[in-house]
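Undergrad: This one is start.txt, compact mmCIF, C-alpha atoms.
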```
# COMPACT_ATOMS: atom_id res chain seq x y z
CA MET S 1 18.75 -32.42 -73.23
CA LEU S 2 21.30 -35.20 -73.10
CA ARG S 3 18.56 -37.76 -73.05
CA GLN S 4 16.82 -36.15 -76.03
CA GLU S 5 20.03 -36.10 -78.05
CA VAL S 6 20.63 -39.77 -77.42
CA MET S 7 17.11 -40.59 -78.46
CA ASP S 8 17.44 -38.61 -81.71
CA LEU S 9 20.74 -40.26 -82.63
CA GLU S 10 19.61 -43.85 -82.04
CA GLY S 11 16.15 -43.38 -83.48
CA ILE S 12 14.68 -45.05 -80.50
CA ASP S 13 10.99 -44.71 -79.96
CA ASP S 14 10.31 -42.48 -76.91
CA GLU S 15 7.65 -44.75 -75.48
CA ASP S 16 7.12 -48.46 -75.25
CA ASP S 17 3.83 -50.24 -75.24
CA ASP S 18 3.13 -49.25 -71.66
CA GLY S 19 3.79 -45.55 -72.30
CA GLU S 20 6.95 -45.53 -70.15
CA ASP S 21 10.34 -44.10 -71.15
CA LYS S 22 12.78 -46.89 -71.95
CA ILE S 23 16.48 -46.88 -72.90
CA ASP S 24 18.01 -50.18 -73.91
CA ASP S 25 21.64 -49.15 -74.40
CA PRO S 26 23.52 -49.63 -71.09
CA SER S 27 26.29 -47.24 -72.10
CA ILE S 28 23.82 -44.42 -72.54
CA VAL S 29 22.12 -45.24 -69.27
CA ASN S 30 25.47 -45.09 -67.50
CA GLU S 31 26.15 -41.74 -69.11
CA ILE S 32 22.80 -40.29 -68.03
CA ASN S 33 22.64 -41.58 -64.47
CA PRO S 34 25.67 -39.65 -63.14
CA SER S 35 24.15 -36.38 -64.33
CA ILE S 36 20.85 -37.15 -62.66
CA GLU S 37 22.54 -38.22 -59.45
CA GLU S 38 24.66 -35.07 -59.50
CA SER S 39 21.54 -32.89 -59.90
CA LYS S 40 19.87 -34.65 -56.97
CA LYS S 41 22.95 -34.09 -54.78
CA LYS S 42 23.06 -30.38 -55.69
CA LYS S 43 19.37 -30.02 -54.88
CA ALA S 44 19.79 -31.77 -51.53
CA LYS S 45 22.79 -29.58 -50.72
CA ILE S 46 20.81 -26.42 -51.53
CA GLU S 47 17.95 -27.58 -49.33
CA GLU S 48 20.37 -28.23 -46.49
CA THR S 49 22.10 -24.83 -46.81
CA PRO S 50 20.87 -22.49 -44.01
CA THR S 51 19.24 -19.33 -45.39
CA PRO S 52 18.18 -16.22 -43.39
CA ALA S 53 14.56 -17.27 -43.71
CA LYS S 54 15.33 -20.75 -42.45
CA ILE S 55 17.44 -19.39 -39.62
CA GLU S 56 14.68 -16.97 -38.56
CA GLY S 57 12.14 -19.76 -38.80
CA LYS S 58 14.28 -21.96 -36.59
CA ARG S 59 14.83 -19.12 -34.13
CA GLY S 60 11.11 -18.39 -34.14
CA ARG S 61 10.34 -22.02 -33.34
CA GLU S 62 12.96 -21.97 -30.59
CA MET S 63 11.55 -18.70 -29.20
CA ASP S 64 8.05 -20.11 -29.33
CA ASP S 65 9.26 -23.13 -27.41
CA ASP S 66 11.05 -20.90 -24.85
CA THR S 67 7.99 -18.66 -24.52
CA LYS S 68 5.79 -21.68 -24.07
CA GLU S 69 8.14 -23.07 -21.43
CA GLY S 70 8.28 -19.64 -19.72
CA LYS S 71 4.51 -19.38 -19.62
CA GLU S 72 4.25 -22.89 -18.25
CA GLU S 73 6.79 -22.00 -15.52
CA GLU S 74 4.83 -18.81 -14.66
CA GLU S 75 1.59 -20.76 -14.48
CA GLU S 76 3.26 -23.31 -12.21
CA GLU S 77 4.55 -20.49 -9.94
CA VAL S 78 1.07 -18.93 -9.75
CA ILE S 79 -0.47 -22.29 -8.91
CA GLU S 80 2.24 -22.89 -6.31
CA THR S 81 1.67 -19.44 -4.77
CA LYS S 82 -2.07 -19.98 -4.63
CA ALA S 83 -1.50 -23.36 -3.07
CA LYS S 84 0.73 -21.83 -0.41
CA LYS S 85 -1.88 -19.17 0.33
CA SER S 86 -4.63 -21.73 0.53
CA LYS S 87 -2.48 -23.79 2.90
CA LYS S 88 -1.99 -20.86 5.31
CA GLY S 89 -3.12 -22.01 8.71
CA PRO S 90 -5.62 -20.25 10.96
CA ILE S 91 -2.89 -18.92 13.27
CA ALA S 92 -0.97 -17.30 10.38
CA GLU S 93 -4.19 -15.86 8.94
CA ALA S 94 -5.23 -14.46 12.33
CA HIS S 95 -1.75 -12.97 12.75
CA ASP S 96 -2.14 -11.11 9.44
CA LYS S 97 -5.60 -9.83 10.31
CA LEU S 98 -4.51 -8.53 13.73
CA SER S 99 -1.46 -6.74 12.35
CA LEU S 100 -1.42 -2.93 12.65
CA SER S 101 -0.65 -2.73 8.92
CA ALA S 102 -3.57 -4.97 7.91
CA HIS S 103 -5.93 -3.44 5.36
CA CYS S 104 -9.19 -3.78 7.28
CA SER S 105 -12.24 -1.56 7.13
CA ILE S 106 -12.72 0.62 10.17
CA VAL S 107 -15.44 -0.73 12.46
CA GLY S 108 -17.40 2.02 14.22
CA ARG S 109 -16.45 5.72 14.16
CA GLU S 110 -19.51 6.39 12.03
CA THR S 111 -20.09 9.88 13.48
CA GLU S 112 -16.48 10.95 12.89
CA ARG S 113 -16.48 9.42 9.41
CA LYS S 114 -19.64 11.26 8.44
CA GLU S 115 -18.36 14.65 9.65
CA ILE S 116 -14.94 14.35 8.01
CA LYS S 117 -16.32 13.10 4.71
CA LYS S 118 -19.01 15.78 4.58
CA PHE S 119 -16.42 18.51 5.24
CA LEU S 120 -14.05 17.26 2.53
CA LYS S 121 -16.74 16.65 -0.09
CA ASN S 122 -18.22 20.12 0.38
CA HIS S 123 -14.83 21.79 -0.06
CA ILE S 124 -13.95 19.65 -3.08
CA LYS S 125 -17.21 20.40 -4.85
CA LYS S 126 -17.04 24.12 -4.06
CA GLN S 127 -13.29 24.19 -4.86
CA ALA S 128 -12.80 26.01 -1.57
CA ALA S 129 -10.02 26.07 1.02
CA GLY S 130 -10.44 25.10 4.68
CA SER S 131 -8.87 23.33 7.64
CA MET S 132 -9.70 20.63 10.18
CA TYR S 133 -7.92 19.22 13.23
CA LEU S 134 -8.38 15.62 14.45
CA SER S 135 -7.40 14.90 18.06
CA GLY S 136 -7.57 11.89 20.34
CA SER S 137 -5.51 9.51 22.44
CA PRO S 138 -3.15 7.05 20.72
CA GLY S 139 -4.89 4.04 19.20
CA THR S 140 -8.28 5.69 18.71
CA GLY S 141 -8.28 5.30 14.91
CA LYS S 142 -7.60 8.86 13.79
CA THR S 143 -4.97 8.09 11.17
CA ALA S 144 -6.54 4.80 10.05
CA LEU S 145 -9.93 6.42 9.47
CA MET S 146 -8.40 9.36 7.63
CA LYS S 147 -6.46 7.04 5.31
CA GLU S 148 -9.60 5.05 4.57
CA ILE S 149 -11.57 8.21 3.76
CA VAL S 150 -8.76 9.44 1.49
CA GLU S 151 -8.88 6.19 -0.51
CA GLU S 152 -12.67 6.43 -0.81
CA LEU S 153 -12.47 10.01 -2.07
CA LYS S 154 -9.88 9.02 -4.67
CA GLU S 155 -12.50 6.71 -6.14
CA ASP S 156 -15.16 9.43 -6.16
CA PHE S 157 -12.89 12.22 -7.48
CA LYS S 158 -10.38 10.75 -9.91
CA SER S 159 -8.40 13.95 -10.57
CA LEU S 160 -8.26 15.03 -6.94
CA LYS S 161 -4.81 15.85 -5.55
CA MET S 162 -4.15 14.46 -2.08
CA ILE S 163 -0.97 14.52 -0.01
CA PHE S 164 -0.49 12.44 3.15
CA ILE S 165 2.58 13.26 5.28
CA ASN S 166 3.76 11.76 8.55
CA CYS S 167 5.52 14.64 10.30
CA MET S 168 7.47 12.20 12.47
CA GLU S 169 9.71 11.72 9.43
CA ILE S 170 10.53 15.44 9.13
CA THR S 171 13.61 16.48 11.06
CA GLN S 172 13.09 20.25 10.76
CA ALA S 173 9.77 22.09 10.57
CA LYS S 174 10.97 24.36 7.76
CA LYS S 175 11.36 21.30 5.50
CA ILE S 176 7.61 20.79 5.42
CA TYR S 177 7.31 23.13 2.42
CA ARG S 178 9.73 21.02 0.38
CA VAL S 179 8.08 17.76 1.45
CA ILE S 180 4.69 19.04 0.28
CA ALA S 181 6.18 20.41 -2.98
CA ASP S 182 7.91 17.09 -3.73
CA GLN S 183 4.59 15.27 -3.63
CA LEU S 184 2.98 17.60 -6.16
CA LYS S 185 3.57 16.01 -9.56
CA GLY S 186 5.04 18.35 -12.14
CA PHE S 187 5.74 21.09 -9.61
CA ASP S 188 9.25 22.53 -10.10
CA TYR S 189 10.64 24.93 -7.53
CA GLU S 190 13.75 26.62 -6.22
CA VAL S 191 14.71 25.59 -2.70
CA SER S 192 15.30 29.20 -1.66
CA THR S 193 11.80 30.29 -2.72
CA VAL S 194 9.79 27.09 -2.20
CA LYS S 195 7.44 28.69 0.37
CA GLU S 196 6.44 31.53 -1.96
CA GLU S 197 6.10 29.22 -4.96
CA LEU S 198 3.97 26.77 -3.00
CA HIS S 199 1.72 29.61 -1.82
CA ASP S 200 1.24 30.76 -5.42
CA TYR S 201 0.52 27.19 -6.50
CA PHE S 202 -2.36 26.85 -4.02
CA GLN S 203 -3.66 30.23 -5.16
CA SER S 204 -3.60 29.43 -8.87
CA SER S 205 -4.88 25.85 -8.66
CA ARG S 206 -8.29 25.28 -10.23
CA LYS S 207 -9.19 22.44 -7.87
CA SER S 208 -8.88 21.82 -4.15
CA ILE S 209 -5.72 20.14 -2.90
CA ILE S 210 -5.98 18.12 0.32
CA VAL S 211 -2.88 18.03 2.54
CA VAL S 212 -3.00 15.70 5.58
CA LEU S 213 -0.32 16.28 8.23
CA ASP S 214 -0.27 13.32 10.61
CA GLU S 215 1.51 13.92 13.95
CA ILE S 216 1.40 17.63 13.20
CA ASP S 217 2.62 18.45 16.70
CA GLN S 218 6.07 17.17 15.66
CA LEU S 219 6.50 20.39 13.71
CA LEU S 220 6.38 22.36 16.98
CA SER S 221 9.59 22.46 19.01
CA GLY S 222 8.59 25.51 21.01
CA SER S 223 10.41 28.04 18.84
CA LYS S 224 8.62 30.96 17.25
CA LYS S 225 10.00 29.99 13.85
CA ASP S 226 8.24 26.62 14.02
CA GLN S 227 5.03 28.30 15.13
CA SER S 228 5.22 30.72 12.21
CA ILE S 229 5.38 27.82 9.75
CA LEU S 230 2.14 26.29 11.01
CA TYR S 231 0.54 29.73 11.26
CA SER S 232 1.36 30.27 7.58
CA LEU S 233 -0.16 26.97 6.51
CA PHE S 234 -3.39 27.60 8.41
CA GLU S 235 -3.56 31.20 7.16
CA TRP S 236 -3.35 29.99 3.55
CA THR S 237 -6.63 28.12 4.09
CA ILE S 238 -8.63 31.37 4.54
CA GLU S 239 -7.10 33.42 1.73
CA ASP S 240 -9.17 34.34 -1.31
CA SER S 241 -8.65 32.03 -4.27
CA SER S 242 -6.73 29.49 -2.15
CA LYS S 243 -7.49 25.82 -2.80
CA LEU S 244 -5.60 24.35 0.16
CA VAL S 245 -7.59 22.00 2.42
CA LEU S 246 -5.39 21.30 5.45
CA ILE S 247 -6.02 18.39 7.84
CA GLY S 248 -3.92 18.16 11.00
CA ILE S 249 -3.79 15.04 13.21
CA ALA S 250 -2.32 14.79 16.73
CA ASN S 251 -3.10 13.45 20.21
CA ALA S 252 -3.61 16.66 22.18
CA LEU S 253 -7.11 18.08 22.25
CA ASP S 254 -5.88 21.63 22.95
CA LEU S 255 -2.95 21.73 20.53
CA THR S 256 -4.27 24.63 18.46
CA GLU S 257 -5.20 26.63 21.57
CA ARG S 258 -2.02 25.90 23.51
CA SER S 259 0.64 25.92 20.78
CA LEU S 260 -1.06 28.14 18.20
CA PRO S 261 -3.04 30.61 20.33
CA HIS S 262 -3.23 33.31 17.65
CA LEU S 263 -5.25 31.21 15.19
CA GLN S 264 -8.46 32.52 16.74
CA ALA S 265 -7.36 36.14 16.33
CA LYS S 266 -6.32 35.50 12.72
CA GLY S 267 -9.69 33.93 12.00
CA CYS S 268 -8.24 30.64 10.78
CA CYS S 269 -9.12 28.20 13.55
CA PRO S 270 -9.66 24.70 12.13
CA ILE S 271 -12.82 22.66 12.66
CA LEU S 272 -12.15 20.37 15.62
CA ILE S 273 -13.11 16.68 15.76
CA HIS S 274 -12.14 14.72 18.84
CA PHE S 275 -11.90 10.91 18.88
CA GLN S 276 -13.03 9.49 22.21
CA ARG S 277 -11.21 6.48 23.63
CA TYR S 278 -12.51 3.09 22.56
CA ASP S 279 -14.55 1.35 25.23
CA GLY S 280 -14.70 -2.40 25.85
CA PRO S 281 -17.64 -3.23 23.53
CA GLN S 282 -16.11 -1.22 20.66
CA ILE S 283 -12.75 -2.98 20.99
CA LEU S 284 -14.50 -6.35 21.17
CA ALA S 285 -16.47 -5.59 17.97
CA ILE S 286 -13.24 -4.75 16.13
CA LEU S 287 -11.47 -7.90 17.33
CA GLN S 288 -14.43 -10.07 16.36
CA ASP S 289 -14.57 -8.46 12.92
CA ARG S 290 -10.89 -9.06 12.24
CA LEU S 291 -11.05 -12.66 13.44
CA SER S 292 -14.32 -13.50 11.69
CA ALA S 293 -12.53 -15.66 9.09
CA VAL S 294 -10.87 -17.76 11.79
CA SER S 295 -13.63 -17.96 14.36
CA GLY S 296 -12.98 -20.40 17.17
CA LEU S 297 -9.24 -19.69 17.42
CA PHE S 298 -9.79 -17.49 20.51
CA ASP S 299 -12.05 -18.37 23.40
CA PRO S 300 -14.88 -15.78 23.19
CA LYS S 301 -14.49 -15.07 26.90
CA ALA S 302 -10.77 -14.38 26.36
CA LEU S 303 -11.55 -11.72 23.71
CA GLU S 304 -14.16 -10.15 25.99
CA TYR S 305 -11.61 -10.00 28.79
CA VAL S 306 -8.85 -8.32 26.78
CA ALA S 307 -11.33 -5.84 25.26
CA SER S 308 -12.77 -4.95 28.67
CA LYS S 309 -9.35 -4.51 30.30
CA ILE S 310 -7.94 -2.34 27.50
CA GLY S 311 -11.17 -0.32 27.34
CA ARG S 312 -10.87 0.56 31.03
CA HIS S 313 -7.10 0.97 30.97
CA SER S 314 -6.38 3.22 27.98
CA GLY S 315 -8.83 2.60 25.15
CA ASP S 316 -5.82 2.01 22.87
CA LEU S 317 -6.90 -0.46 20.20
CA ARG S 318 -3.28 -1.10 19.20
CA LYS S 319 -2.55 -2.63 22.60
CA ALA S 320 -5.46 -5.04 22.27
CA LEU S 321 -4.25 -6.13 18.84
CA GLN S 322 -0.66 -6.53 20.05
CA LEU S 323 -1.74 -8.64 23.03
CA CYS S 324 -3.68 -11.00 20.78
CA ILE S 325 -0.69 -11.28 18.42
CA SER S 326 1.57 -11.97 21.41
CA ALA S 327 -0.74 -14.79 22.45
CA LEU S 328 -0.51 -16.31 18.95
CA ASP S 329 3.30 -16.04 18.94
CA LYS S 330 3.63 -17.70 22.36
CA LEU S 331 1.25 -20.46 21.36
CA THR S 332 3.29 -21.33 18.25
CA SER S 333 6.70 -20.94 19.95
CA LYS S 334 5.73 -23.45 22.65
CA GLY S 335 4.60 -25.92 20.05
CA SER S 336 1.24 -26.28 21.74
CA GLN S 337 -1.19 -28.75 20.22
CA SER S 338 -4.13 -26.66 21.42
CA SER S 339 -6.38 -25.34 18.66
CA GLN S 340 -7.75 -22.46 20.77
CA ILE S 341 -6.30 -19.67 22.89
CA SER S 342 -7.93 -20.09 26.27
CA PHE S 343 -9.24 -17.49 28.65
CA GLY S 344 -6.56 -18.21 31.26
CA PHE S 345 -3.71 -18.07 28.72
CA LEU S 346 -4.70 -14.65 27.34
CA ALA S 347 -5.74 -13.24 30.73
CA GLN S 348 -2.26 -13.97 32.09
CA LEU S 349 -0.64 -12.07 29.21
CA VAL S 350 -3.00 -9.12 29.67
CA ASN S 351 -2.32 -8.85 33.40
CA GLN S 352 1.44 -9.05 32.86
CA ALA S 353 1.34 -6.36 30.17
CA LEU S 354 -0.88 -3.88 31.98
CA GLY S 355 0.61 -4.26 35.46
CA ASP S 356 -0.59 -2.02 38.28
CA HIS S 357 -3.23 0.47 37.13
CA SER S 358 -2.24 3.00 39.77
CA VAL S 359 1.22 3.42 38.25
CA THR S 360 -0.26 4.16 34.84
CA ARG S 361 -2.69 6.67 36.32
CA MET S 362 0.10 8.42 38.22
CA GLN S 363 2.09 8.78 35.00
CA GLY S 364 -0.86 10.48 33.34
CA LEU S 365 -1.28 13.16 36.01
CA LEU S 366 -0.27 16.77 35.49
CA THR S 367 2.82 18.07 37.32
CA GLN S 368 0.69 20.11 39.76
CA GLN S 369 -1.41 17.06 40.59
CA LYS S 370 1.70 14.98 41.28
CA ILE S 371 3.06 17.71 43.62
CA LEU S 372 -0.27 17.81 45.46
CA LEU S 373 -0.25 14.04 45.95
CA CYS S 374 3.33 14.12 47.21
CA ALA S 375 2.41 16.87 49.70
CA MET S 376 -0.62 14.91 50.92
CA SER S 377 1.46 11.77 51.29
CA SER S 378 4.11 13.69 53.24
CA LEU S 379 1.48 15.17 55.59
CA GLN S 380 -0.03 11.76 56.21
CA LYS S 381 3.37 10.30 57.15
CA SER S 382 4.12 13.19 59.56
CA HIS S 383 0.91 12.46 61.47
```
Show this structure as structure tokens.
TA:
Amino acid sequence: MLRQEVMDLEGIDDEDDDGEDKIDDPSIVNEINPSIEESKKKKAKIEETPTPAKIEGKRGREMDDDTKEGKEEEEEEVIETKAKKSKKGPIAEAHDKLSLSAHCSIVGRETERKEIKKFLKNHIKKQAAGSMYLSGSPGTGKTALMKEIVEELKEDFKSLKMIFINCMEITQAKKIYRVIADQLKGFDYEVSTVKEELHDYFQSSRKSIIVVLDEIDQLLSGSKKDQSILYSLFEWTIEDSSKLVLIGIANALDLTERSLPHLQAKGCCPILIHFQRYDGPQILAILQDRLSAVSGLFDPKALEYVASKIGRHSGDLRKALQLCISALDKLTSKGSQSSQISFGFLAQLVNQALGDHSVTRMQGLLTQQKILLCAMSSLQKSH
């Protein structure tokens, strides 16, 4: 407006020959310029003033940068982890594979697998109750096979309820009811009436519920109260409308007959499946399977030797695995440059671990057999 007023007063033509605005009077120019400069300064100041939108935009850019940096760090960590895994040596890899906690498929035990799986599938499909007892010496694969079957069934029956309990962790037999109840999602109970509520739950359930009690003999201390608890659990598996499928696991073949003699009379004897001891060839097949990714680390003759000795000694697969791990540990602790565990090296460890077979056999005899041997030895000395 100021410019227009000046132009009107002076009668100056708005445009020159080139079509550009032109003011000849310096005094007017000096009067106009400060206003223009002031407007520019105000505009620049406004642009520099932080507004909520600008602040958020800046924060967003900062967050994007942080997120980008975070993702880059995560990617670097993943790459580093993968690199570490890929750099794992054959000894470390073999150590992992031979570990008792290693997730390896069970080699062998096809007959036992077939029987157990058939029993469970039939009861699940029919929504019926039932019971089974798995027996066998330590290290024969009872628990490992059962866990593998449970995982397979979870894939086949998505809504199936399964409970796996190690009774070694239960200090009193009567607590078994609460331990089972705690593993049933959404099941609320009163401690004083948990047994009755649990019984009703198995009765009212629409689908079978599998309860696996590993080391079930730990619930038996010899008292009648402890016996009554196991009697109750087995009796629930034959009641009308019950959906409880009970699986017991222990070492003793005659546990149900010796410790629970009235199961037969009550008509609730479980189906029995006994796991025979592993023999040499079976143990060798398992060792070879676990070490297949690091073949050549053990002398084949060394593996055959440990498998044969354990097969004849006890059939306990865990001992064979532990001996091989011990050989790996000793090899690394000595800083040996050898790339293979030799026959002589492993054979020495095996012989040291097993000792005299006669001592082990004596320990496994019944009390009456030990008394008889002592009497025979005494008679021989007297003559």
Undergrad: From the list S:Leu145, S:Ile247, S:Leu134, S:Val107, which residue is nearest S:Met162 when using only C-alpha atoms?
TA: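 Smallest separation from S:Met162 among the options: S:Ile247.
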Undergrad: Work out how far atom CA of S:Tyr278 is from atom CA of S:Leu317, in Å to one decimal.
TA: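 Result for atom CA of S:Leu317 versus atom CA of S:Tyr278: 7.0 Å, one decimal.
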Undergrad: Considering all atoms listed in the file, return as a CSV table (one decimal) with C-alpha atoms, in the coordinates of the input whatever protein or nucleic-acid residues lie within 8 Å of S:Lys174, sequence-local ones (same chain, fewer than 2 positions apart) excluded.
TA:
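Written file, part-v8.csv:
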```csv
chain,number,residue,atom,x,y,z
S,172,GLN,CA,13.1,20.2,10.8
S,176,ILE,CA,7.6,20.8,5.4
S,177,TYR,CA,7.3,23.1,2.4
S,226,ASP,CA,8.2,26.6,14.0
S,229,ILE,CA,5.4,27.8,9.8
```
Undergrad: Pick from S:Leu372, S:Ser192, S:Tyr305, S:Ser339: nearest to S:Asn351, with all atoms listed in the file counted?
TA: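 Nearest to S:Asn351: S:Tyr305.
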Undergrad: Which is closest to S:Phe234 among S:Thr256, S:Gln218, S:Ser378, S:Gln352, if we use only C-alpha atoms?
TA: S:Thr256
Undergrad: List every protein, DNA or RNA residue that has an atom no more than 9 Å from (-13.3, 11.1, 15.1) in the file's coordinate frame, counting only C-alpha atoms, and report them as a ChimeraX atom specification.
TA: /S:109-113,115-116,134-136,140-142,145,273-276
Undergrad: Separation of atom CA of S:Val211 and atom CA of S:Leu246, in Å?
TA: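 About the pair atom CA of S:Val211 and atom CA of S:Leu246: they are 5.0 Å apart.
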Undergrad: S:Glu257: which residues within 12 Å, counting all atoms listed in the file, same-chain residues fewer than 3 positions away excluded, as a ChimeraX atom specification?
TA: /S:133,252-254,260-265,268-270,272
Undergrad: Using only C-alpha atoms, pick whichever of S:Ile165, S:Ala347, S:Ile283, S:Phe298 has the shortest atom-to-atom distance to S:Ala320.
TA: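 Residue with the minimum atom-to-atom distance to S:Ala320: S:Ile283.
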Undergrad: Have a look at S:Lys301, S:Lys147, S:His123, S:Arg318 and name the one nearest to S:Asp214; count all atoms listed in the file.
TA: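 Selected residue with least distance to S:Asp214: S:Lys147.
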Undergrad: Write out as a compact mmCIF listing (two decimals) with C-alpha atoms, keeping the file's coordinate frame each polymer residue whose atoms come within 10 Å of S:Val350, counting only C-alpha atoms; drop sequence neighbours fewer than 5 positions from it.
TA:
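out.txt written:
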```txt
# COMPACT_ATOMS: atom_id res chain seq x y z
CA ALA S 302 -10.77 -14.38 26.36
CA TYR S 305 -11.61 -10.00 28.79
CA VAL S 306 -8.85 -8.32 26.78
CA ALA S 307 -11.33 -5.84 25.26
CA LYS S 309 -9.35 -4.51 30.30
CA ILE S 310 -7.94 -2.34 27.50
CA LYS S 319 -2.55 -2.63 22.60
CA ALA S 320 -5.46 -5.04 22.27
CA LEU S 323 -1.74 -8.64 23.03
CA CYS S 324 -3.68 -11.00 20.78
CA SER S 326 1.57 -11.97 21.41
CA ALA S 327 -0.74 -14.79 22.45
CA GLY S 344 -6.56 -18.21 31.26
CA PHE S 345 -3.71 -18.07 28.72
CA GLY S 355 0.61 -4.26 35.46
```
Undergrad: Take the point (-8.8, 2.4, 31.2) as written in the file and pick out every residue within 10 Å of it, counting only C-alpha atoms; give the list as a list in words.
TA: Arg277, Tyr278, Asp279, Gly280, Ser308, Lys309, Ile310, Gly311, Arg312, His313, Ser314, Gly315, Asp316, His357, Thr360 and Arg361 of chain S
Undergrad: Compare S:Ser242, S:Ser228, S:Ser159, S:Ser131 by their minimum atom-to-atom distance to S:Ser205, counting only C-alpha atoms, and give me the closest one.
TA: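 Smallest separation from S:Ser205 among the options: S:Ser242.
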Undergrad: With 3 Å on each side, where is the centre of the axis-aligned box around all listed atoms of stretch 282-296 of chain S, and how long are its edges in Å to one decimal, as JSON?
TA:
```
{"center_x": -13.7, "center_y": -10.8, "center_z": 15.1, "size_x": 11.6, "size_y": 25.2, "size_z": 18.1}
```
Undergrad: Work out how far apart atom CA of S:Gly130 and atom CA of S:Phe157 are and give it in Å to one decimal.
TA: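 Atom CA of S:Phe157 lies 17.9 Å from atom CA of S:Gly130.
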Undergrad: Find the residues near stretch 286-291 of chain S: any atom within 9 Å, counting all atoms listed in the file, skip ones fewer than 2 places away on the same chain, and give them as a ChimeraX atom specification.
TA: /S:93-94,97-98,104,106-108,281-284,293-298,300,303,307,317,320-321
Undergrad: What's around stretch 178-187 of chain S at 12 Å? Count only C-alpha atoms, leave out sequence neighbours fewer than 6 positions away in its own chain, and write the answer as a PDB file with C-alpha atoms, in the frame of the given file.
TA:
```pdb
ATOM      1  CA  LEU S 160      -8.260  15.030  -6.940  1.00  0.00           C
ATOM      2  CA  LYS S 161      -4.810  15.850  -5.550  1.00  0.00           C
ATOM      3  CA  MET S 162      -4.150  14.460  -2.080  1.00  0.00           C
ATOM      4  CA  ILE S 163      -0.970  14.520  -0.010  1.00  0.00           C
ATOM      5  CA  PHE S 164      -0.490  12.440   3.150  1.00  0.00           C
ATOM      6  CA  ILE S 165       2.580  13.260   5.280  1.00  0.00           C
ATOM      7  CA  ASN S 166       3.760  11.760   8.550  1.00  0.00           C
ATOM      8  CA  CYS S 167       5.520  14.640  10.300  1.00  0.00           C
ATOM      9  CA  GLU S 169       9.710  11.720   9.430  1.00  0.00           C
ATOM     10  CA  ILE S 170      10.530  15.440   9.130  1.00  0.00           C
ATOM     11  CA  THR S 171      13.610  16.480  11.060  1.00  0.00           C
ATOM     12  CA  GLN S 172      13.090  20.250  10.760  1.00  0.00           C
ATOM     13  CA  THR S 193      11.800  30.290  -2.720  1.00  0.00           C
ATOM     14  CA  VAL S 194       9.790  27.090  -2.200  1.00  0.00           C
ATOM     15  CA  LYS S 195       7.440  28.690   0.370  1.00  0.00           C
ATOM     16  CA  GLU S 196       6.440  31.530  -1.960  1.00  0.00           C
ATOM     17  CA  GLU S 197       6.100  29.220  -4.960  1.00  0.00           C
ATOM     18  CA  LEU S 198       3.970  26.770  -3.000  1.00  0.00           C
ATOM     19  CA  HIS S 199       1.720  29.610  -1.820  1.00  0.00           C
ATOM     20  CA  ASP S 200       1.240  30.760  -5.420  1.00  0.00           C
ATOM     21  CA  TYR S 201       0.520  27.190  -6.500  1.00  0.00           C
ATOM     22  CA  PHE S 202      -2.360  26.850  -4.020  1.00  0.00           C
ATOM     23  CA  SER S 205      -4.880  25.850  -8.660  1.00  0.00           C
ATOM     24  CA  ILE S 209      -5.720  20.140  -2.900  1.00  0.00           C
ATOM     25  CA  ILE S 210      -5.980  18.120   0.320  1.00  0.00           C
ATOM     26  CA  VAL S 211      -2.880  18.030   2.540  1.00  0.00           C
ATOM     27  CA  VAL S 212      -3.000  15.700   5.580  1.00  0.00           C
ATOM     28  CA  LEU S 213      -0.320  16.280   8.230  1.00  0.00           C
ATOM     29  CA  LEU S 233      -0.160  26.970   6.510  1.00  0.00           C
ATOM     30  CA  LEU S 244      -5.600  24.350   0.160  1.00  0.00           C
ATOM     31  CA  LEU S 246      -5.390  21.300   5.450  1.00  0.00           C
TER      32      LEU S 246
END
```
